[in-house]
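Enquirer: Okay, so here is input-v2.cif, and as you'll see once you scroll down, it has mmCIF, C-alpha atoms and all ligand atoms.
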data_protein
loop_
_atom_site.label_atom_id
_atom_site.label_comp_id
_atom_site.auth_asym_id
_atom_site.auth_seq_id
_atom_site.Cartn_x
_atom_site.Cartn_y
_atom_site.Cartn_z
CA MET A 1 6.74 12.53 -15.33
CA ALA A 2 9.76 13.60 -17.30
CA ASN A 3 10.15 12.37 -20.81
CA VAL A 4 13.89 12.30 -20.77
CA SER A 5 15.78 12.24 -24.05
CA ILE A 6 18.68 10.03 -24.92
CA SER A 7 22.20 11.48 -25.20
CA GLU A 8 24.25 11.26 -28.39
CA GLU A 9 26.54 8.80 -26.67
CA GLY A 10 23.57 6.69 -25.59
CA LEU A 11 22.16 6.77 -29.10
CA ALA A 12 25.47 5.53 -30.48
CA ARG A 13 25.53 2.74 -27.89
CA ILE A 14 22.04 1.46 -28.68
CA SER A 15 22.42 1.94 -32.44
CA ALA A 16 25.43 -0.38 -32.31
CA LEU A 17 23.02 -3.01 -30.93
CA GLY A 18 20.45 -2.28 -33.65
CA LEU A 19 18.04 -0.63 -31.19
CA THR A 20 16.01 2.57 -31.32
CA PRO A 21 15.19 4.72 -28.25
CA GLU A 22 11.53 3.63 -28.42
CA GLN A 23 12.59 0.06 -27.66
CA LEU A 24 14.20 0.97 -24.35
CA PRO A 25 12.38 0.55 -21.05
CA ARG A 26 11.24 3.82 -19.50
CA HIS A 27 11.44 2.67 -15.89
CA VAL A 28 13.97 0.11 -14.67
CA ALA A 29 13.77 -1.30 -11.13
CA ILE A 30 16.77 -3.14 -9.70
CA ILE A 31 17.13 -5.62 -6.83
CA MET A 32 20.78 -4.98 -6.02
CA ASP A 33 21.91 -8.31 -4.58
CA GLY A 34 25.19 -10.10 -3.95
CA ASN A 35 27.23 -7.55 -1.99
CA GLY A 36 27.91 -10.01 0.83
CA ARG A 37 28.91 -12.81 -1.54
CA TRP A 38 31.21 -10.48 -3.47
CA ALA A 39 33.07 -9.61 -0.27
CA GLN A 40 33.07 -13.15 1.11
CA ASN A 41 34.48 -14.49 -2.18
CA ARG A 42 37.47 -12.24 -1.44
CA GLY A 43 37.73 -13.22 2.21
CA ARG A 44 36.48 -9.78 3.28
CA ALA A 45 33.70 -8.65 5.62
CA ARG A 46 30.23 -8.28 4.06
CA ILE A 47 30.26 -4.52 4.57
CA VAL A 48 33.15 -4.23 2.12
CA GLY A 49 30.74 -5.45 -0.56
CA HIS A 50 28.15 -2.85 0.42
CA ARG A 51 30.72 -0.09 0.15
CA ARG A 52 31.86 -1.35 -3.21
CA GLY A 53 28.25 -1.49 -4.40
CA ILE A 54 28.15 2.31 -4.38
CA GLN A 55 30.37 2.29 -7.48
CA SER A 56 27.72 0.21 -9.24
CA VAL A 57 25.01 2.68 -8.19
CA ARG A 58 27.05 5.50 -9.74
CA ALA A 59 27.58 3.45 -12.90
CA VAL A 60 23.88 2.65 -13.44
CA VAL A 61 22.81 6.23 -12.75
CA GLU A 62 25.35 7.43 -15.30
CA GLU A 63 24.24 4.86 -17.86
CA GLY A 64 20.56 5.53 -17.17
CA CYS A 65 21.11 9.23 -17.84
CA ARG A 66 23.08 8.42 -20.98
CA LEU A 67 20.25 6.19 -22.26
CA GLY A 68 17.61 8.78 -21.38
CA LEU A 69 15.66 6.48 -19.03
CA ASP A 70 12.81 8.20 -17.19
CA GLN A 71 13.39 6.36 -13.92
CA ILE A 72 15.61 3.90 -12.09
CA THR A 73 14.36 2.48 -8.79
CA LEU A 74 16.93 0.78 -6.55
CA TYR A 75 16.09 -1.62 -3.73
CA CYS A 76 18.49 -0.41 -1.02
CA LEU A 77 17.06 -1.81 2.20
CA SER A 78 14.06 -4.07 2.72
CA ILE A 79 11.91 -4.21 5.82
CA GLU A 80 13.07 -7.82 6.16
CA ASN A 81 16.73 -6.69 6.18
CA TRP A 82 16.24 -5.59 9.83
CA LYS A 83 16.82 -9.26 10.64
CA ARG A 84 20.53 -8.72 9.86
CA PRO A 85 23.16 -8.08 12.55
CA PRO A 86 23.02 -4.55 14.01
CA ARG A 87 26.58 -3.84 12.89
CA GLU A 88 25.70 -4.47 9.22
CA LEU A 89 22.54 -2.37 9.48
CA THR A 90 24.36 0.53 11.10
CA PHE A 91 26.91 0.39 8.32
CA LEU A 92 24.25 0.28 5.60
CA LEU A 93 22.41 3.28 7.04
CA ARG A 94 25.65 5.23 7.43
CA LEU A 95 26.58 4.39 3.85
CA LEU A 96 23.21 5.58 2.62
CA ARG A 97 23.55 8.83 4.49
CA HIS A 98 27.04 9.32 3.14
CA PHE A 99 25.85 8.59 -0.41
CA LEU A 100 23.08 11.17 -0.18
CA LYS A 101 25.47 13.78 1.13
CA VAL A 102 28.36 13.15 -1.21
CA GLU A 103 26.35 12.50 -4.38
CA ARG A 104 24.04 15.50 -4.05
CA ALA A 105 26.25 17.73 -6.17
CA GLU A 106 26.69 14.97 -8.75
CA LEU A 107 22.93 14.39 -8.96
CA MET A 108 22.47 18.13 -9.55
CA GLU A 109 25.16 18.04 -12.22
CA GLN A 110 23.40 15.10 -13.91
CA ASN A 111 19.99 16.82 -13.64
CA VAL A 112 18.71 13.78 -11.68
CA ARG A 113 15.66 14.07 -9.42
CA LEU A 114 15.86 11.95 -6.27
CA THR A 115 12.82 10.37 -4.62
CA MET A 116 12.33 7.80 -1.89
CA ILE A 117 9.83 5.04 -1.24
CA GLY A 118 9.52 2.95 1.92
CA ARG A 119 8.56 3.47 5.53
CA ARG A 120 10.02 6.55 7.17
CA GLU A 121 9.20 5.17 10.62
CA GLY A 122 12.16 3.21 11.90
CA LEU A 123 14.77 5.13 9.92
CA PRO A 124 17.21 7.34 11.87
CA SER A 125 16.45 11.06 11.61
CA ALA A 126 19.99 11.74 10.35
CA VAL A 127 19.25 9.58 7.29
CA LEU A 128 15.81 11.12 6.78
CA ASP A 129 17.28 14.62 7.00
CA GLU A 130 19.77 13.88 4.22
CA PHE A 131 16.97 12.35 2.17
CA ASP A 132 14.70 15.33 2.62
CA ARG A 133 17.46 17.74 1.73
CA THR A 134 18.44 15.85 -1.43
CA VAL A 135 14.82 15.35 -2.50
CA GLU A 136 14.17 19.06 -2.02
CA GLU A 137 17.33 20.25 -3.77
CA THR A 138 16.83 17.99 -6.78
CA ALA A 139 13.05 18.47 -7.02
CA GLU A 140 13.20 20.83 -9.99
CA ASN A 141 15.62 18.69 -12.01
CA THR A 142 14.11 17.59 -15.29
CA GLY A 143 16.24 14.55 -16.13
CA MET A 144 16.04 10.98 -14.90
CA THR A 145 14.32 10.17 -11.59
CA LEU A 146 16.37 8.08 -9.17
CA CYS A 147 14.06 6.44 -6.65
CA LEU A 148 15.61 4.73 -3.62
CA ALA A 149 13.55 2.06 -1.88
CA VAL A 150 14.64 2.19 1.75
CA ASN A 151 12.96 0.33 4.60
CA TYR A 152 10.66 -0.89 1.86
CA GLY A 153 8.41 -3.95 1.75
CA GLY A 154 5.77 -4.59 -0.90
CA ARG A 155 3.25 -6.23 1.44
CA THR A 156 3.69 -3.54 4.05
CA GLU A 157 3.14 -0.89 1.39
CA ILE A 158 -0.10 -2.56 0.25
CA ALA A 159 -1.33 -3.08 3.83
CA ASP A 160 -0.52 0.57 4.72
CA ALA A 161 -2.42 1.70 1.61
CA ALA A 162 -5.42 -0.48 2.52
CA ARG A 163 -5.47 0.96 6.05
CA ARG A 164 -5.45 4.57 4.84
CA LEU A 165 -8.10 3.77 2.26
CA ALA A 166 -10.29 2.15 4.93
CA GLU A 167 -9.88 5.26 7.08
CA ASP A 168 -11.10 7.43 4.19
CA VAL A 169 -14.13 5.17 3.73
CA ARG A 170 -14.86 5.38 7.46
CA SER A 171 -14.60 9.15 7.45
CA GLY A 172 -16.94 9.32 4.44
CA THR A 173 -14.46 10.97 2.02
CA LEU A 174 -14.47 7.81 -0.11
CA GLN A 175 -17.22 5.41 -1.16
CA PRO A 176 -16.40 1.68 -1.50
CA ASP A 177 -17.65 1.61 -5.08
CA GLN A 178 -15.07 4.26 -6.03
CA VAL A 179 -12.27 1.80 -5.29
CA ASP A 180 -10.61 0.43 -8.40
CA GLU A 181 -7.00 -0.31 -9.41
CA SER A 182 -6.09 3.23 -10.31
CA LEU A 183 -7.62 4.69 -7.16
CA PHE A 184 -5.90 2.08 -4.98
CA ALA A 185 -2.56 2.94 -6.62
CA THR A 186 -2.88 6.53 -5.40
CA TYR A 187 -2.56 5.21 -1.82
CA LEU A 188 0.78 3.52 -2.55
CA THR A 189 4.13 5.23 -1.91
CA THR A 190 4.81 4.97 -5.66
CA HIS A 191 1.81 7.22 -6.41
CA GLY A 192 2.51 9.20 -9.59
CA MET A 193 5.34 6.93 -10.77
CA PRO A 194 5.01 4.71 -13.82
CA ASP A 195 5.17 0.96 -13.21
CA PRO A 196 8.60 -0.55 -13.95
CA ASP A 197 8.92 -1.90 -17.49
CA LEU A 198 11.96 -3.94 -16.56
CA LEU A 199 12.96 -5.57 -13.27
CA ILE A 200 16.61 -6.57 -12.91
CA ARG A 201 17.93 -8.82 -10.15
CA THR A 202 21.66 -9.36 -9.72
CA ALA A 203 23.41 -12.33 -8.08
CA GLY A 204 21.22 -14.97 -9.68
CA GLU A 205 18.38 -15.35 -7.17
CA MET A 206 15.01 -16.05 -8.85
CA ARG A 207 12.77 -14.28 -6.37
CA LEU A 208 11.16 -10.92 -5.74
CA SER A 209 12.03 -10.56 -2.04
CA ASN A 210 8.93 -8.44 -1.43
CA PHE A 211 9.89 -5.72 -3.94
CA LEU A 212 7.19 -3.63 -5.64
CA LEU A 213 4.65 -6.47 -5.58
CA TRP A 214 1.78 -4.35 -6.91
CA GLN A 215 3.83 -2.40 -9.44
CA ILE A 216 5.68 -5.20 -11.22
CA SER A 217 2.59 -7.15 -12.25
CA TYR A 218 3.56 -6.80 -15.92
CA SER A 219 7.26 -5.92 -15.72
CA GLU A 220 9.72 -7.94 -17.75
CA ILE A 221 12.18 -9.75 -15.46
CA TRP A 222 15.90 -10.11 -16.17
CA VAL A 223 18.17 -11.97 -13.77
CA THR A 224 21.95 -11.99 -14.03
CA ASP A 225 24.58 -13.92 -12.10
CA VAL A 226 26.72 -10.78 -11.92
CA LEU A 227 27.07 -9.72 -8.28
CA TRP A 228 25.97 -6.15 -7.59
CA PRO A 229 29.46 -4.74 -6.86
CA GLU A 230 30.49 -5.83 -10.37
CA PHE A 231 27.40 -4.57 -12.19
CA ARG A 232 28.23 -1.75 -14.60
CA GLY A 233 26.64 0.35 -17.35
CA ASP A 234 27.28 -2.39 -19.93
CA ASP A 235 25.20 -4.80 -17.83
CA LEU A 236 22.32 -2.32 -17.72
CA LEU A 237 22.60 -1.96 -21.47
CA ALA A 238 22.58 -5.76 -21.88
CA ALA A 239 19.38 -5.91 -19.81
CA CYS A 240 17.80 -3.21 -21.98
CA HIS A 241 18.85 -5.14 -25.08
CA ALA A 242 17.15 -8.28 -23.77
CA PHE A 243 14.07 -6.21 -22.85
CA ALA A 244 13.82 -4.89 -26.43
CA ALA A 245 13.53 -8.46 -27.71
CA ARG A 246 10.62 -9.30 -25.39
CA GLU A 247 7.08 -9.29 -26.63
CA ARG A 248 4.83 -7.60 -24.11
CA LYS A 249 1.25 -8.72 -24.49
CA PHE A 250 -0.36 -7.67 -21.21
CA GLY A 251 -2.72 -10.60 -21.48
CA GLY A 252 -3.62 -9.86 -25.10
CA LEU A 253 -2.37 -11.42 -28.31
CA PRO A 254 0.82 -10.62 -30.21
CA THR A 255 0.63 -7.30 -32.08
CA PRO A 256 -0.07 -8.08 -35.76
CA PRO A 257 2.47 -6.80 -38.32
CA ALA A 258 1.92 -3.13 -39.30
CA ASN A 259 0.57 -4.00 -42.78
CA SER A 260 -1.88 -6.61 -41.46
CA GLN A 261 -5.52 -6.10 -42.46
CA ALA A 262 -6.73 -7.99 -39.42
CA ARG A 263 -9.23 -6.04 -37.41
CA ARG A 264 -9.35 -6.13 -33.68
CA PRO A 265 -12.62 -5.62 -31.86
CA SER A 266 -12.47 -2.81 -29.34
CA ALA A 267 -12.24 -3.85 -25.71
CA PRO A 268 -15.59 -4.24 -23.94
CA LYS A 269 -16.44 -1.50 -21.49
CA ALA A 270 -15.52 -2.34 -17.92
CA THR A 271 -18.55 -3.05 -15.76
CA ARG A 272 -18.71 -3.19 -12.01
C1 LIG A 301 22.36 -6.80 -1.23
O1 LIG A 301 23.43 -7.62 -0.97
C2 LIG A 301 22.34 -5.58 -0.36
C3 LIG A 301 21.26 -5.55 0.62
C4 LIG A 301 20.35 -6.45 0.79
C5 LIG A 301 21.23 -4.40 1.49
P1 LIG A 301 23.37 -8.74 0.15
O2 LIG A 301 23.91 -8.16 1.42
O3 LIG A 301 22.03 -9.33 0.26
O4 LIG A 301 24.40 -9.78 -0.44
P2 LIG A 301 24.29 -11.36 -0.40
O5 LIG A 301 22.97 -11.74 -0.99
O6 LIG A 301 24.39 -11.76 1.04
O7 LIG A 301 25.44 -11.82 -1.23
C1 LIG A 302 16.72 -8.06 -1.39
O1 LIG A 302 17.90 -8.74 -1.16
C2 LIG A 302 16.73 -6.75 -0.66
C3 LIG A 302 17.58 -5.71 -1.22
C4 LIG A 302 18.29 -5.82 -2.31
C5 LIG A 302 17.61 -4.48 -0.48
P1 LIG A 302 18.03 -9.80 0.05
O2 LIG A 302 19.40 -10.33 -0.03
O3 LIG A 302 17.63 -9.17 1.32
O4 LIG A 302 16.94 -10.87 -0.34
P2 LIG A 302 16.81 -12.40 0.12
O5 LIG A 302 16.91 -12.41 1.61
O6 LIG A 302 17.93 -13.14 -0.53
O7 LIG A 302 15.47 -12.82 -0.41
MG MG A 303 21.14 -10.92 -0.64
#
As structure tokens, what does this structure read like?
Ligand code: IPE
Ligand code: IPE
Ligand code: MG
Expert:
Amino acid sequence: MANVSISEEGLARISALGLTPEQLPRHVAIIMDGNGRWAQNRGRARIVGHRRGIQSVRAVVEEGCRLGLDQITLYCLSIENWKRPPRELTFLLRLLRHFLKVERAELMEQNVRLTMIGRREGLPSAVLDEFDRTVEETAENTGMTLCLAVNYGGRTEIADAARRLAEDVRSGTLQPDQVDESLFATYLTTHGMPDPDLLIRTAGEMRLSNFLLWQISYSEIWVTDVLWPEFRGDDLLAACHAFAARERKFGGLPTPPANSQARRPSAPKATR
């Protein structure tokens, strides 16, 4: 996992808000929503909103690199999105393929490493080929990781993981009492990635829509009414600013001030 450093420009941007790099999230996951509404508000076809949304993807990748984030994960296509009309789906898949092809050079320039999560089965081979090529070409980049969730569903991911784990138990390579949270996580498609610190949803909907159900158990959630095609670097920065003001307790108690004499007992050892 890269520990990406913040650029001078990024440092100036967060300093103006009174923030330090340590207060920024390391991994930001985004539910990019509102493309259809953006287009419909203008009397245009929904696909116009999807095309426009690419500009927002570019903007958040640029801002993420500027801020030195370790990872941005974008929800591009859910398993449930197959319920949409074939014409919209064909367009979305073509757009994704085009993005991977056209942005490859830019990702290299930005030192961004591309990864993908989601089910490969069901995706056209032309899209998978572009993915594989971009993942391979950017594999050695040491800057931010851009993870695209395509044909992704949180429940499907967990069920697929459980099936493969059960197969390993059946074949004898795994014992049931070896199964704990960290072992289970190695069966997920996000294996090796940090959990998101911050989850952003655009277009105002207060739901998760089956995104990263396992991984966001302790993510901070930030919802904005801004529709995805209008989301820009300043919006990402605003989300990071809000994140910095949150107190993350992970089920514990607020961290006492640095000069506090209060002693905390050490956590009891986990027992099975
Ligand atoms: C998000 O925008 C993009 C995808 C789900 C692929 P929508 O297409 O869901 O836009 P709205 O929610 O209908 O406005
Ligand atoms: C979530 O948006 C999926 C993606 C952003 C890819 P949707 O627009 O599909 O979610 P719902 O249907 O409003 O829950
Ligand atoms: Mg939507």
Enquirer: Taking all atoms listed in the file and a cut-off of 10 Å, can you tell me which residues surround ligand LIG 302 (chain A), written as JSON, numbers by chain?
Expert: {"A": [30, 31, 32, 33, 34, 35, 36, 37, 74, 75, 76, 77, 78, 79, 80, 81, 82, 83, 84, 148, 149, 150, 151, 152, 153, 201, 202, 203, 204, 205, 206, 207, 208, 209, 210, 211, 228]}
Enquirer: List every residue of region 28-54 of chain A that has an atom at most 10 Å from any atom of region 93-111 of chain A, giving for each one its closest atom pair and the distance in Å to one decimal, counting only C-alpha atoms, sorted by chain and then by ascending residue number, as a tab-separated table.
Expert:
residue	atom	partner	partner_atom	distance
A:Ile47	CA	A:Leu95	CA	9.7
A:His50	CA	A:Leu95	CA	8.2
A:Arg51	CA	A:Leu95	CA	7.1
A:Ile54	CA	A:Phe99	CA	7.8
Enquirer: Quick one: everything within 7 Å of Val60 (chain A), counting all atoms listed in the file, minus sequence neighbours fewer than 3 positions away in the same chain. Send it as a VMD selection string.
Expert: chain A and resid 56 to 57 63 to 64 232 to 233 236
Enquirer: Quick one: everything within 10 Å of Thr73 (chain A), counting only C-alpha atoms, minus sequence neighbours fewer than 4 positions away in the same chain. Send it as a PyMOL selection string.
Expert: chain A and resi 27-31+114-117+145-149+196+199+212
Enquirer: Mind giving me the straight-line distance from CA of Asp180 (chain A) to CA of Asp197 (chain A) in Å, one decimal?
Expert: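 Atom-to-atom, CA of Asp180 (chain A) to CA of Asp197 (chain A), that is 21.7 Å.
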Enquirer: Just the residues within 9 Å of region 11-26 of chain A, please, counting only C-alpha atoms, with nothing from its chain fewer than 4 positions along; format it as a list in words.
Expert: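 The neighbour list is Asn3, Val4, Ser5, Ile6, Ser7, Arg66, Leu67, Gly68, Leu69, Asp70, Gln71, Ile72, Pro194, Pro196, Asp197, Leu198, Leu237, Cys240, His241, Phe243, Ala244 and Ala245 of chain A.
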Enquirer: To one decimal in Å, tell me the separation between CA of Glu167 (chain A) and CA of Glu121 (chain A).
Expert: 19.4 Å
Enquirer: Which is closest to ligand MG 303 (chain A) among A:Gly252, A:Glu9, A:Arg58, A:Arg46, if we use all atoms listed in the file?
Expert: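 Ranked by minimum distance to ligand MG 303 (chain A), first place goes to A:Arg46.
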Enquirer: Taking into account all atoms listed in the file, which residue in the set A:Met144, A:Leu227, A:Ala139, A:Ile200 is nearest to ligand LIG 301 (chain A)?
Expert: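 Nearest candidate to ligand LIG 301 (chain A) out of A:Met144, A:Leu227, A:Ala139, A:Ile200: A:Leu227.
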Enquirer: Smallest atom-to-atom distance to Glu88 (chain A): which of A:Gly53, A:Ala126, A:Val61, A:Ala45, using only C-alpha atoms?
Expert: A:Ala45
Enquirer: Taking every listed atom of region 237-245 of chain A and adding 4 Å to each side, what centre and edge lengths in Å (one decimal) does the axis-aligned box have, as AutoDock Vina command-line options?
Expert:
--center_x 18.1 --center_y -5.2 --center_z -23.8 --size_x 17.1 --size_y 14.5 --size_z 15.9
Enquirer: Measuring atom to atom with all atoms listed in the file, identify which of A:Cys65, A:Val223, A:Leu253, A:Ala161 is nearest to Ala239 (chain A).
Expert: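 Looking only at the distances to Ala239 (chain A), the closest residue turns out to be A:Val223.
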Enquirer: List as a PyMOL selection string the protein and nucleic acid residues near Asp168 (chain A), meaning an atom at most 12 Å away when only C-alpha atoms are counted, but skip any in the same chain fewer than 6 places from it.
Expert: chain A and resi 161-162+174-176+178-179+184+187
Enquirer: Between CA of Glu62 (chain A) and CA of Met193 (chain A), what is the spacing in Å?
Expert: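 Computing it gives 20.5 Å between the two atoms.
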Enquirer: Please, could all heavy atoms be added to region 128-139 of chain A and the result written as a CSV table (one decimal), in the coordinates of the input?
Expert:
chain,number,residue,atom,x,y,z
A,128,LEU,N,17.0,10.4,7.3
A,128,LEU,CA,15.8,11.1,6.8
A,128,LEU,C,16.1,12.6,6.4
A,128,LEU,O,15.7,13.1,5.4
A,128,LEU,CB,14.6,11.0,7.8
A,128,LEU,CG,14.0,9.6,7.9
A,128,LEU,CD1,13.0,9.6,9.1
A,128,LEU,CD2,13.4,9.1,6.6
A,129,ASP,N,16.9,13.2,7.3
A,129,ASP,CA,17.3,14.6,7.0
A,129,ASP,C,18.0,14.7,5.7
A,129,ASP,O,17.8,15.6,4.9
A,129,ASP,CB,18.1,15.2,8.1
A,129,ASP,CG,17.3,15.4,9.4
A,129,ASP,OD1,16.0,15.3,9.3
A,129,ASP,OD2,17.9,15.7,10.5
A,130,GLU,N,19.0,13.8,5.5
A,130,GLU,CA,19.8,13.9,4.2
A,130,GLU,C,18.9,13.6,3.0
A,130,GLU,O,19.0,14.2,2.0
A,130,GLU,CB,20.9,12.8,4.2
A,130,GLU,CG,22.0,13.1,5.2
A,130,GLU,CD,22.7,14.5,4.9
A,130,GLU,OE1,22.6,15.1,3.8
A,130,GLU,OE2,23.4,14.9,5.9
A,131,PHE,N,17.9,12.7,3.2
A,131,PHE,CA,17.0,12.4,2.2
A,131,PHE,C,16.2,13.6,1.8
A,131,PHE,O,16.1,14.0,0.7
A,131,PHE,CB,16.0,11.2,2.6
A,131,PHE,CG,16.3,10.0,1.9
A,131,PHE,CD1,16.7,8.8,2.6
A,131,PHE,CD2,16.1,9.8,0.6
A,131,PHE,CE1,16.9,7.6,2.0
A,131,PHE,CE2,16.4,8.7,-0.1
A,131,PHE,CZ,16.8,7.6,0.6
A,132,ASP,N,15.6,14.2,2.9
A,132,ASP,CA,14.7,15.3,2.6
A,132,ASP,C,15.5,16.4,1.9
A,132,ASP,O,14.9,17.1,1.0
A,132,ASP,CB,14.1,15.8,4.0
A,132,ASP,CG,13.1,14.8,4.5
A,132,ASP,OD1,12.7,13.9,3.8
A,132,ASP,OD2,12.8,14.9,5.7
A,133,ARG,N,16.7,16.7,2.3
A,133,ARG,CA,17.5,17.7,1.7
A,133,ARG,C,17.7,17.4,0.3
A,133,ARG,O,17.6,18.3,-0.6
A,133,ARG,CB,18.8,17.9,2.5
A,133,ARG,CG,19.4,19.2,2.3
A,133,ARG,CD,20.6,19.5,3.2
A,133,ARG,NE,21.4,20.4,2.4
A,133,ARG,CZ,22.7,20.6,2.6
A,133,ARG,NH1,23.2,20.0,3.7
A,133,ARG,NH2,23.4,21.4,1.8
A,134,THR,N,18.1,16.2,0.0
A,134,THR,CA,18.4,15.8,-1.4
A,134,THR,C,17.2,15.9,-2.3
A,134,THR,O,17.2,16.3,-3.4
A,134,THR,CB,19.1,14.5,-1.5
A,134,THR,OG1,20.2,14.5,-0.5
A,134,THR,CG2,19.7,14.2,-2.9
A,135,VAL,N,16.1,15.4,-1.8
A,135,VAL,CA,14.8,15.4,-2.5
A,135,VAL,C,14.4,16.8,-2.8
A,135,VAL,O,14.1,17.1,-4.0
A,135,VAL,CB,13.7,14.6,-1.7
A,135,VAL,CG1,12.3,14.9,-2.3
A,135,VAL,CG2,14.0,13.1,-1.6
A,136,GLU,N,14.6,17.7,-1.8
A,136,GLU,CA,14.2,19.1,-2.0
A,136,GLU,C,15.1,19.8,-3.0
A,136,GLU,O,14.6,20.4,-4.0
A,136,GLU,CB,14.3,19.8,-0.7
A,136,GLU,CG,13.4,21.0,-0.6
A,136,GLU,CD,13.6,21.6,0.8
A,136,GLU,OE1,13.4,20.9,1.8
A,136,GLU,OE2,14.0,22.8,0.9
A,137,GLU,N,16.4,19.6,-2.9
A,137,GLU,CA,17.3,20.2,-3.8
A,137,GLU,C,17.2,19.8,-5.2
A,137,GLU,O,17.5,20.5,-6.1
A,137,GLU,CB,18.8,20.1,-3.3
A,137,GLU,CG,19.1,21.1,-2.2
A,137,GLU,CD,20.6,21.1,-1.8
A,137,GLU,OE1,21.4,20.8,-2.7
A,137,GLU,OE2,20.8,21.3,-0.6
A,138,THR,N,16.9,18.5,-5.4
A,138,THR,CA,16.8,18.0,-6.8
A,138,THR,C,15.4,18.0,-7.4
A,138,THR,O,15.2,17.6,-8.5
A,138,THR,CB,17.4,16.5,-6.8
A,138,THR,OG1,16.5,15.7,-6.0
A,138,THR,CG2,18.8,16.4,-6.3
A,139,ALA,N,14.5,18.6,-6.6
A,139,ALA,CA,13.0,18.5,-7.0
A,139,ALA,C,12.8,19.1,-8.4
A,139,ALA,O,11.9,18.6,-9.1
A,139,ALA,CB,12.2,19.1,-5.9
